[in-house]
$ cat upload.csv   # CSV, C-alpha atoms and all ligand atoms
chain,number,residue,atom,x,y,z
A,1,ILE,CA,-1.2,3.5,-51.1
A,2,ARG,CA,-1.8,0.4,-48.9
A,3,ILE,CA,-0.6,0.4,-45.3
A,4,VAL,CA,-1.2,-2.5,-42.9
A,5,LEU,CA,-2.5,-1.9,-39.4
A,6,ALA,CA,-1.2,-4.5,-36.9
A,7,THR,CA,-3.9,-4.9,-34.3
A,8,HIS,CA,-6.4,-7.5,-33.1
A,9,ASN,CA,-8.6,-4.8,-31.6
A,10,GLN,CA,-11.6,-4.1,-33.9
A,11,HIS,CA,-12.3,-0.8,-32.0
A,12,LYS,CA,-8.9,0.4,-33.0
A,13,VAL,CA,-9.4,-0.6,-36.6
A,14,ASP,CA,-12.7,1.4,-36.6
A,15,GLU,CA,-11.1,4.5,-35.1
A,16,PHE,CA,-8.2,4.3,-37.5
A,17,GLN,CA,-10.5,4.0,-40.5
A,18,LYS,CA,-12.9,6.7,-39.4
A,19,ILE,CA,-10.4,9.3,-38.3
A,20,LEU,CA,-7.3,8.7,-40.3
A,21,GLY,CA,-9.1,7.4,-43.3
A,22,ALA,CA,-11.1,10.6,-43.5
A,23,ARG,CA,-8.0,12.8,-43.2
A,24,LEU,CA,-5.8,10.8,-45.6
A,25,PRO,CA,-8.0,9.4,-48.3
A,26,GLU,CA,-4.8,8.3,-50.2
A,27,LEU,CA,-4.3,5.6,-47.6
A,28,GLU,CA,-5.9,2.2,-47.9
A,29,ILE,CA,-5.7,0.8,-44.4
A,30,VAL,CA,-5.7,-3.0,-44.3
A,31,LYS,CA,-5.8,-5.2,-41.3
A,32,TYR,CA,-2.7,-7.3,-40.7
A,33,THR,CA,-3.4,-11.0,-40.2
A,34,GLY,CA,0.1,-12.5,-40.1
A,35,PRO,CA,2.1,-14.0,-37.2
A,36,GLU,CA,2.1,-12.1,-33.9
A,37,PRO,CA,5.4,-10.9,-32.3
A,38,VAL,CA,6.1,-11.1,-28.6
A,39,GLU,CA,5.3,-7.7,-27.1
A,40,ASP,CA,8.2,-7.5,-24.7
A,41,GLY,CA,8.9,-3.8,-24.8
A,42,VAL,CA,8.9,-1.8,-21.6
A,43,THR,CA,7.2,1.3,-23.1
A,44,PHE,CA,4.2,2.0,-25.3
A,45,ALA,CA,6.5,3.2,-28.0
A,46,GLU,CA,8.6,0.0,-28.0
A,47,ASN,CA,5.6,-2.2,-28.1
A,48,ALA,CA,4.1,-0.2,-31.0
A,49,LEU,CA,7.3,-0.5,-32.9
A,50,ILE,CA,7.6,-4.2,-32.2
A,51,LYS,CA,4.1,-4.8,-33.7
A,52,ALA,CA,4.6,-2.5,-36.7
A,53,ARG,CA,8.0,-3.9,-37.5
A,54,ALA,CA,6.6,-7.5,-37.5
A,55,ALA,CA,3.8,-6.5,-39.9
A,56,ALA,CA,6.1,-4.6,-42.2
A,57,GLU,CA,8.7,-7.4,-42.3
A,58,PHE,CA,6.0,-10.0,-43.0
A,59,THR,CA,4.1,-8.1,-45.7
A,60,GLY,CA,6.9,-6.0,-47.2
A,61,LEU,CA,4.4,-3.1,-47.0
A,62,PRO,CA,4.4,0.1,-44.8
A,63,ALA,CA,2.8,-0.7,-41.5
A,64,MET,CA,1.3,1.0,-38.5
A,65,ALA,CA,0.6,-0.2,-35.0
A,66,ASP,CA,-1.1,1.3,-31.9
A,67,ASP,CA,-0.1,0.6,-28.4
A,68,SER,CA,-2.2,2.3,-25.8
A,69,GLY,CA,-3.5,2.1,-22.3
A,70,ILE,CA,-4.6,4.0,-19.2
A,71,CYS,CA,-2.0,5.4,-16.7
A,72,VAL,CA,-3.2,6.2,-13.2
A,73,ASP,CA,-1.3,8.9,-11.3
A,74,VAL,CA,-1.6,7.4,-7.8
A,75,LEU,CA,-0.5,4.0,-9.2
A,76,ASN,CA,2.7,5.5,-10.7
A,77,GLY,CA,1.4,5.1,-14.3
A,78,ALA,CA,0.0,1.6,-13.9
A,79,PRO,CA,-1.7,-0.3,-15.6
A,80,GLY,CA,0.2,1.4,-18.5
A,81,ILE,CA,1.5,-1.1,-21.0
A,82,PHE,CA,-0.3,-3.9,-19.0
A,83,SER,CA,-3.8,-2.3,-19.5
A,84,ALA,CA,-5.1,-5.0,-21.9
A,85,ARG,CA,-4.3,-7.8,-19.3
A,86,TRP,CA,-4.5,-5.9,-16.0
A,87,ALA,CA,-6.7,-8.6,-14.4
A,88,GLY,CA,-4.9,-11.4,-16.1
A,89,HIS,CA,-4.6,-12.7,-19.7
A,90,GLY,CA,-8.0,-13.0,-21.4
A,91,LYS,CA,-10.0,-11.8,-18.4
A,92,GLY,CA,-11.5,-9.0,-20.5
A,93,ASP,CA,-12.4,-5.3,-20.2
A,94,VAL,CA,-15.0,-5.6,-17.4
A,95,ALA,CA,-12.6,-7.5,-15.1
A,96,ASN,CA,-9.8,-5.1,-15.9
A,97,ARG,CA,-11.7,-2.0,-15.0
A,98,ASP,CA,-13.4,-3.6,-11.9
A,99,LEU,CA,-9.9,-4.4,-10.6
A,100,LEU,CA,-8.7,-0.9,-11.3
A,101,LEU,CA,-11.7,0.7,-9.5
A,102,ASP,CA,-11.0,-1.6,-6.5
A,103,GLN,CA,-7.4,-0.5,-6.4
A,104,VAL,CA,-8.3,3.2,-6.1
A,105,ALA,CA,-11.5,2.7,-4.0
A,106,ASP,CA,-9.9,4.6,-1.0
A,107,ILE,CA,-8.4,7.4,-3.1
A,108,HIS,CA,-10.1,10.8,-2.7
A,109,ASP,CA,-11.6,12.6,-5.7
A,110,GLU,CA,-8.7,15.1,-6.0
A,111,HIS,CA,-6.1,12.4,-6.4
A,112,ARG,CA,-7.9,10.3,-9.0
A,113,GLY,CA,-6.1,11.8,-12.0
A,114,ALA,CA,-5.3,9.5,-14.9
A,115,ALA,CA,-4.4,9.6,-18.6
A,116,PHE,CA,-5.1,7.6,-21.7
A,117,ALA,CA,-1.9,7.2,-23.7
A,118,CYS,CA,-1.7,6.3,-27.4
A,119,HIS,CA,1.5,5.6,-29.3
A,120,ILE,CA,1.3,4.9,-33.0
A,121,ALA,CA,4.4,3.4,-34.8
A,122,VAL,CA,4.9,3.8,-38.5
A,123,VAL,CA,7.4,1.5,-40.2
A,124,VAL,CA,8.4,1.5,-43.9
A,125,PRO,CA,10.6,-1.7,-44.2
A,126,GLY,CA,14.2,-0.8,-44.5
A,127,VAL,CA,13.5,2.9,-44.9
A,128,PHE,CA,11.8,4.6,-42.1
A,129,GLU,CA,10.4,4.2,-38.6
A,130,ASP,CA,9.0,6.6,-36.0
A,131,VAL,CA,6.4,6.9,-33.3
A,132,ALA,CA,3.7,9.5,-32.7
A,133,ALA,CA,2.0,9.9,-29.3
A,134,GLY,CA,-1.1,11.5,-27.8
A,135,LEU,CA,-2.2,11.9,-24.2
A,136,TRP,CA,-5.8,12.5,-22.9
A,137,ARG,CA,-6.1,13.6,-19.2
A,138,GLY,CA,-9.0,13.0,-16.9
A,139,THR,CA,-10.0,11.3,-13.7
A,140,LEU,CA,-11.2,7.9,-12.6
A,141,ALA,CA,-14.9,7.6,-11.9
A,142,ARG,CA,-16.3,5.8,-8.9
A,143,SER,CA,-18.2,3.3,-11.1
A,144,ALA,CA,-18.7,2.4,-14.7
A,145,SER,CA,-21.2,4.3,-16.8
A,146,GLY,CA,-22.0,4.6,-20.5
A,147,THR,CA,-22.0,2.0,-23.3
A,148,ASN,CA,-20.1,3.7,-26.1
A,149,GLY,CA,-16.4,3.2,-26.8
A,150,PHE,CA,-14.5,0.2,-25.3
A,151,GLY,CA,-12.0,-0.8,-22.6
A,152,TYR,CA,-11.6,1.7,-19.8
A,153,ASP,CA,-13.9,4.3,-21.4
A,154,PRO,CA,-16.8,3.8,-18.9
A,155,ILE,CA,-14.6,4.6,-15.9
A,156,PHE,CA,-12.6,7.6,-17.4
A,157,VAL,CA,-14.0,11.1,-17.1
A,158,PRO,CA,-12.1,13.4,-19.5
A,159,ASN,CA,-11.0,16.8,-18.2
A,160,GLY,CA,-13.6,19.4,-19.1
A,161,HIS,CA,-16.4,16.9,-19.1
A,162,ASP,CA,-18.7,15.5,-16.3
A,163,VAL,CA,-19.5,12.2,-18.1
A,164,SER,CA,-17.4,9.2,-18.9
A,165,ALA,CA,-15.7,8.7,-22.2
A,166,ALA,CA,-18.3,5.9,-22.8
A,167,GLU,CA,-21.1,8.5,-22.5
A,168,LEU,CA,-19.6,10.7,-25.2
A,169,GLU,CA,-20.8,10.3,-28.8
A,170,PRO,CA,-18.2,8.4,-30.8
A,171,GLU,CA,-17.7,11.5,-32.9
A,172,GLN,CA,-16.9,13.6,-29.7
A,173,LYS,CA,-14.5,11.0,-28.4
A,174,ASN,CA,-12.8,10.7,-31.9
A,175,ALA,CA,-12.3,14.5,-31.9
A,176,ILE,CA,-10.5,14.8,-28.6
A,177,SER,CA,-9.1,11.4,-27.5
A,178,HIS,CA,-5.5,10.3,-27.0
A,179,ARG,CA,-5.9,8.5,-30.3
A,180,ALA,CA,-7.1,11.6,-32.1
A,181,LEU,CA,-4.1,13.5,-30.7
A,182,ALA,CA,-1.7,10.8,-31.9
A,183,PHE,CA,-3.4,10.9,-35.3
A,184,GLU,CA,-2.6,14.6,-35.5
A,185,ASN,CA,1.0,13.8,-34.9
A,186,VAL,CA,1.2,10.8,-37.2
A,187,ILE,CA,-0.3,12.5,-40.2
A,188,PRO,CA,2.8,14.6,-41.0
A,189,LEU,CA,4.9,11.4,-40.6
A,190,LEU,CA,2.7,9.6,-43.1
A,191,ARG,CA,2.6,12.6,-45.5
A,192,MET,CA,6.4,12.9,-45.6
A,193,ASN,CA,7.4,9.2,-45.5
A,194,VAL,CA,4.7,7.0,-46.7
A,195,ILE,CA,2.4,8.8,-49.2
A,196,PRO,CA,4.2,9.3,-52.5
A,201,LIG,P1,-3.5,-4.8,-30.2
A,201,LIG,O1,-2.2,-5.0,-29.3
A,201,LIG,O2,-3.8,-6.1,-31.0
A,201,LIG,O3,-3.5,-3.6,-30.9
A,201,LIG,P2,-4.9,-4.6,-27.6
A,201,LIG,O4,-6.3,-4.2,-27.3
A,201,LIG,O5,-4.3,-5.8,-27.0
A,201,LIG,O6,-4.8,-4.7,-29.2
A,201,LIG,P3,-3.0,-2.8,-26.3
A,201,LIG,O7,-2.0,-3.9,-25.9
A,201,LIG,O8,-2.5,-1.5,-26.9
A,201,LIG,O9,-4.1,-3.3,-27.4
A,201,LIG,O10,-3.9,-2.5,-25.0
A,201,LIG,C1,-4.7,-1.4,-25.0
A,201,LIG,C2,-5.7,-1.5,-23.9
A,201,LIG,O11,-5.9,-0.2,-23.3
A,201,LIG,C3,-7.0,-2.0,-24.4
A,201,LIG,O12,-7.2,-3.3,-24.1
A,201,LIG,C4,-8.0,-1.1,-23.7
A,201,LIG,O13,-8.4,-1.7,-22.5
A,201,LIG,C5,-7.2,0.2,-23.3
A,201,LIG,N1,-7.5,1.3,-24.2
A,201,LIG,C6,-6.7,1.7,-25.3
A,201,LIG,N2,-7.3,2.7,-25.9
A,201,LIG,C7,-8.5,2.9,-25.3
A,201,LIG,C8,-9.6,3.7,-25.5
A,201,LIG,O14,-9.6,4.6,-26.6
A,201,LIG,N3,-10.6,3.7,-24.7
A,201,LIG,C9,-10.6,2.8,-23.7
A,201,LIG,N4,-9.7,1.9,-23.4
A,201,LIG,C10,-8.6,2.0,-24.2

$ encode --input "upload.csv" --output "structure tokens"
Amino acid sequence: IRIVLATHNQHKVDEFQKILGARLPELEIVKYTGPEPVEDGVTFAENALIKARAAAEFTGLPAMADDSGICVDVLNGAPGIFSARWAGHGKGDVANRDLLLDQVADIHDEHRGAAFACHIAVVVPGVFEDVAAGLWRGTLARSASGTNGFGYDPIFVPNGHDVSAAELEPEQKNAISHRALAFENVIPLLRMNVIP
């Protein structure tokens, strides 16, 4: 069965195809290319639903969308839903993480806790919608290291590890990340509501 994935982020498409595609071979995950909705929700879940609803309405097919980001304890959860444009629209991943490192430069090691959050919305037009979530806890590094992954991976040290998420092998990250956890929670939703 075909399901459209509403995202512009090729890294997300790769992780969806690798992880979810392997677990649910019945699904054919196709990238959504239609008009973009305004992402004006105030939570990850709302923004994921806005993106998935737009794709489902435009295509008439079941749709999924991922809204994710990094939440820093000492910043009361920021950047949160603003993670993709923390340093300003279109400034990019390096500017975003440099700004974040600056903002916590004076924070001692024991107060550098953070979490990656991933919310995945599933919408079957006119029939069903729900959101699955996953959270991955860790701490903010002092500087960027590693070249795997994307976004904030080079400055996020997952709990239980002493290297950044960008120094993990992709398979390691894909086994334990916020997105991996959200996939665990979204699989039953897909099995019950999307896969015939
Ligand atoms: P779409 O909205 O088109 O899906 P986006 O990249 O703009 O793509 P978000 O609004 O959900 O997506 O922003 C997510 C940001 O959070 C993204 O730009 C990354 O910087 C960060 N992020 C999300 N997942 C991540 C991960 O697994 N590793 C590192 N950074 C991540």

$ residues_around --input "upload.csv" --residues "segment 13-16 of chain A" --least-positions-apart "5" --cutoff "12 Å" --atoms "all atoms listed in the file" --output "mmCIF file with C-alpha atoms, in the coordinates of the input"
data_model
loop_
_atom_site.group_PDB
_atom_site.id
_atom_site.type_symbol
_atom_site.label_atom_id
_atom_site.label_comp_id
_atom_site.auth_asym_id
_atom_site.auth_seq_id
_atom_site.Cartn_x
_atom_site.Cartn_y
_atom_site.Cartn_z
ATOM 1 C CA ILE A 3 -0.600 0.400 -45.300
ATOM 2 C CA VAL A 4 -1.200 -2.500 -42.900
ATOM 3 C CA LEU A 5 -2.500 -1.900 -39.400
ATOM 4 C CA ALA A 6 -1.200 -4.500 -36.900
ATOM 5 C CA THR A 7 -3.900 -4.900 -34.300
ATOM 6 C CA HIS A 8 -6.400 -7.500 -33.100
ATOM 7 C CA GLY A 21 -9.100 7.400 -43.300
ATOM 8 C CA ALA A 22 -11.100 10.600 -43.500
ATOM 9 C CA ARG A 23 -8.000 12.800 -43.200
ATOM 10 C CA LEU A 24 -5.800 10.800 -45.600
ATOM 11 C CA PRO A 25 -8.000 9.400 -48.300
ATOM 12 C CA LEU A 27 -4.300 5.600 -47.600
ATOM 13 C CA GLU A 28 -5.900 2.200 -47.900
ATOM 14 C CA ILE A 29 -5.700 0.800 -44.400
ATOM 15 C CA VAL A 30 -5.700 -3.000 -44.300
ATOM 16 C CA LYS A 31 -5.800 -5.200 -41.300
ATOM 17 C CA TYR A 32 -2.700 -7.300 -40.700
ATOM 18 C CA MET A 64 1.300 1.000 -38.500
ATOM 19 C CA ALA A 65 0.600 -0.200 -35.000
ATOM 20 C CA ASP A 66 -1.100 1.300 -31.900
ATOM 21 C CA ILE A 120 1.300 4.900 -33.000
ATOM 22 C CA GLY A 149 -16.400 3.200 -26.800
ATOM 23 C CA PHE A 150 -14.500 0.200 -25.300
ATOM 24 C CA PRO A 170 -18.200 8.400 -30.800
ATOM 25 C CA GLU A 171 -17.700 11.500 -32.900
ATOM 26 C CA LYS A 173 -14.500 11.000 -28.400
ATOM 27 C CA ASN A 174 -12.800 10.700 -31.900
ATOM 28 C CA ALA A 175 -12.300 14.500 -31.900
ATOM 29 C CA SER A 177 -9.100 11.400 -27.500
ATOM 30 C CA HIS A 178 -5.500 10.300 -27.000
ATOM 31 C CA ARG A 179 -5.900 8.500 -30.300
ATOM 32 C CA ALA A 180 -7.100 11.600 -32.100
ATOM 33 C CA ALA A 182 -1.700 10.800 -31.900
ATOM 34 C CA PHE A 183 -3.400 10.900 -35.300
ATOM 35 C CA GLU A 184 -2.600 14.600 -35.500
ATOM 36 C CA VAL A 186 1.200 10.800 -37.200
ATOM 37 C CA ILE A 187 -0.300 12.500 -40.200
#

$ atom_distance --input "upload.csv" --atom1 "atom CA of Cys118 of chain A" --atom2 "atom N3 of ligand LIG 201 (chain A)"
9.7 Å

$ closest_residue --input "upload.csv" --among "A:Ala115, A:Val124, A:Val194, A:Val131" --to "Asp153 of chain A" --atoms "only C-alpha atoms"
A:Ala115

$ residues_around --input "upload.csv" --residues "Ser145 of chain A" --least-positions-apart "4" --cutoff "8 Å" --atoms "only C-alpha atoms" --output "list in words"
Pro154, Ile155, Ser164, Ala166 and Glu167 of chain A

$ atom_distance --input "upload.csv" --atom1 "atom C7 of ligand LIG 201 (chain A)" --atom2 "atom CA of Val127 of chain A"
29.5 Å

$ atom_distance --input "upload.csv" --atom1 "atom O9 of ligand LIG 201 (chain A)" --atom2 "atom CA of His108 of chain A"
29.1 Å

$ closest_residue --input "upload.csv" --among "A:Leu190, A:Val42, A:Ala48, A:Leu181" --to "ligand LIG 201 (chain A)" --atoms "all atoms listed in the file"
A:Ala48

$ residues_around --input "upload.csv" --residues "segment 51-54 of chain A" --least-positions-apart "4" --cutoff "8 Å" --atoms "all atoms listed in the file" --output "list in words"
Leu5, Ala6, Pro35, Glu36, Pro37, Glu39, Asn47, Phe58, Ala63, Met64, Ala65, Ala121, Val122, Val123 and Pro125 of chain A

$ closest_residue --input "upload.csv" --among "A:Gln17, A:Asn148, A:Thr59, A:Ser143" --to "ligand LIG 201 (chain A)" --atoms "all atoms listed in the file"
A:Asn148

$ closest_residue --input "upload.csv" --among "A:Asn159, A:Gln172, A:Asn185, A:Asn9" --to "ligand LIG 201 (chain A)" --atoms "all atoms listed in the file"
A:Asn9

$ closest_residue --input "upload.csv" --among "A:Asp93, A:Glu46, A:Asp73, A:Asp109" --to "ligand LIG 201 (chain A)" --atoms "only C-alpha atoms and all ligand atoms"
A:Asp93

$ closest_residue --input "upload.csv" --among "A:Gly69, A:Gly41, A:Pro158, A:Gly80" --to "ligand LIG 201 (chain A)" --atoms "all atoms listed in the file"
A:Gly69

$ residues_around --input "upload.csv" --residues "His111 of chain A" --least-positions-apart "5" --cutoff "10 Å" --atoms "only C-alpha atoms" --output "PyMOL selection string"
chain A and resi 72-74+104+139-140

$ write_last_selection --input "upload.csv" --atoms "C-alpha atoms" --output "PDB file, keeping the file's coordinate frame"
ATOM      1  CA  VAL A  72      -3.200   6.200 -13.200  1.00  0.00           C
ATOM      2  CA  ASP A  73      -1.300   8.900 -11.300  1.00  0.00           C
ATOM      3  CA  VAL A  74      -1.600   7.400  -7.800  1.00  0.00           C
ATOM      4  CA  VAL A 104      -8.300   3.200  -6.100  1.00  0.00           C
ATOM      5  CA  THR A 139     -10.000  11.300 -13.700  1.00  0.00           C
ATOM      6  CA  LEU A 140     -11.200   7.900 -12.600  1.00  0.00           C
TER       7      LEU A 140
END

$ decode --input "upload.csv" --residues "segment 105-127 of chain A" --atoms "N, CA and C atoms" --output "PDB file, in the first residue's frame"
ATOM      1  N   ALA A 105      27.198  28.130  26.449  1.00  0.00           N
ATOM      2  CA  ALA A 105      28.653  28.111  26.672  1.00  0.00           C
ATOM      3  C   ALA A 105      28.999  28.178  28.160  1.00  0.00           C
ATOM      4  N   ASP A 106      28.194  28.916  28.953  1.00  0.00           N
ATOM      5  CA  ASP A 106      28.510  29.086  30.375  1.00  0.00           C
ATOM      6  C   ASP A 106      27.874  28.018  31.259  1.00  0.00           C
ATOM      7  N   ILE A 107      27.186  27.085  30.660  1.00  0.00           N
ATOM      8  CA  ILE A 107      26.462  26.076  31.458  1.00  0.00           C
ATOM      9  C   ILE A 107      27.391  24.908  31.774  1.00  0.00           C
ATOM     10  N   HIS A 108      27.429  24.545  33.051  1.00  0.00           N
ATOM     11  CA  HIS A 108      28.309  23.464  33.501  1.00  0.00           C
ATOM     12  C   HIS A 108      27.826  22.109  32.985  1.00  0.00           C
ATOM     13  N   ASP A 109      28.754  21.162  32.953  1.00  0.00           N
ATOM     14  CA  ASP A 109      28.472  19.846  32.376  1.00  0.00           C
ATOM     15  C   ASP A 109      27.211  19.196  32.940  1.00  0.00           C
ATOM     16  N   GLU A 110      27.012  19.320  34.250  1.00  0.00           N
ATOM     17  CA  GLU A 110      25.884  18.589  34.858  1.00  0.00           C
ATOM     18  C   GLU A 110      24.526  19.188  34.514  1.00  0.00           C
ATOM     19  N   HIS A 111      24.522  20.377  33.883  1.00  0.00           N
ATOM     20  CA  HIS A 111      23.240  21.010  33.526  1.00  0.00           C
ATOM     21  C   HIS A 111      23.049  21.131  32.019  1.00  0.00           C
ATOM     22  N   ARG A 112      23.755  20.280  31.271  1.00  0.00           N
ATOM     23  CA  ARG A 112      23.683  20.374  29.805  1.00  0.00           C
ATOM     24  C   ARG A 112      22.751  19.322  29.194  1.00  0.00           C
ATOM     25  N   GLY A 113      21.793  18.858  29.973  1.00  0.00           N
ATOM     26  CA  GLY A 113      20.851  17.844  29.491  1.00  0.00           C
ATOM     27  C   GLY A 113      19.998  18.348  28.328  1.00  0.00           C
ATOM     28  N   ALA A 114      19.686  17.445  27.406  1.00  0.00           N
ATOM     29  CA  ALA A 114      18.871  17.794  26.240  1.00  0.00           C
ATOM     30  C   ALA A 114      18.180  16.528  25.751  1.00  0.00           C
ATOM     31  N   ALA A 115      17.201  16.719  24.884  1.00  0.00           N
ATOM     32  CA  ALA A 115      16.543  15.560  24.286  1.00  0.00           C
ATOM     33  C   ALA A 115      16.197  15.861  22.842  1.00  0.00           C
ATOM     34  N   PHE A 116      16.359  14.869  22.001  1.00  0.00           N
ATOM     35  CA  PHE A 116      15.782  14.917  20.663  1.00  0.00           C
ATOM     36  C   PHE A 116      14.351  14.397  20.769  1.00  0.00           C
ATOM     37  N   ALA A 117      13.426  15.105  20.145  1.00  0.00           N
ATOM     38  CA  ALA A 117      12.034  14.656  20.114  1.00  0.00           C
ATOM     39  C   ALA A 117      11.615  14.414  18.672  1.00  0.00           C
ATOM     40  N   CYS A 118      10.840  13.361  18.468  1.00  0.00           N
ATOM     41  CA  CYS A 118      10.302  13.062  17.135  1.00  0.00           C
ATOM     42  C   CYS A 118       8.833  12.718  17.266  1.00  0.00           C
ATOM     43  N   HIS A 119       8.002  13.425  16.530  1.00  0.00           N
ATOM     44  CA  HIS A 119       6.571  13.111  16.479  1.00  0.00           C
ATOM     45  C   HIS A 119       6.216  12.759  15.048  1.00  0.00           C
ATOM     46  N   ILE A 120       5.572  11.626  14.863  1.00  0.00           N
ATOM     47  CA  ILE A 120       5.177  11.174  13.526  1.00  0.00           C
ATOM     48  C   ILE A 120       3.655  11.115  13.465  1.00  0.00           C
ATOM     49  N   ALA A 121       3.069  11.922  12.574  1.00  0.00           N
ATOM     50  CA  ALA A 121       1.625  11.906  12.394  1.00  0.00           C
ATOM     51  C   ALA A 121       1.261  10.959  11.262  1.00  0.00           C
ATOM     52  N   VAL A 122       0.148  10.247  11.449  1.00  0.00           N
ATOM     53  CA  VAL A 122      -0.416   9.385  10.404  1.00  0.00           C
ATOM     54  C   VAL A 122      -1.837   9.860  10.139  1.00  0.00           C
ATOM     55  N   VAL A 123      -2.149  10.128   8.872  1.00  0.00           N
ATOM     56  CA  VAL A 123      -3.491  10.593   8.512  1.00  0.00           C
ATOM     57  C   VAL A 123      -4.021   9.758   7.347  1.00  0.00           C
ATOM     58  N   VAL A 124      -5.181   9.146   7.542  1.00  0.00           N
ATOM     59  CA  VAL A 124      -5.913   8.512   6.440  1.00  0.00           C
ATOM     60  C   VAL A 124      -7.095   9.428   6.181  1.00  0.00           C
ATOM     61  N   PRO A 125      -7.145  10.055   4.983  1.00  0.00           N
ATOM     62  CA  PRO A 125      -8.112  11.129   4.777  1.00  0.00           C
ATOM     63  C   PRO A 125      -9.541  10.719   5.121  1.00  0.00           C
ATOM     64  N   GLY A 126     -10.164  11.502   5.975  1.00  0.00           N
ATOM     65  CA  GLY A 126     -11.555  11.283   6.353  1.00  0.00           C
ATOM     66  C   GLY A 126     -11.785  10.106   7.279  1.00  0.00           C
ATOM     67  N   VAL A 127     -10.758   9.385   7.654  1.00  0.00           N
ATOM     68  CA  VAL A 127     -10.942   8.135   8.393  1.00  0.00           C
ATOM     69  C   VAL A 127     -10.221   8.115   9.732  1.00  0.00           C
TER      70      VAL A 127
END
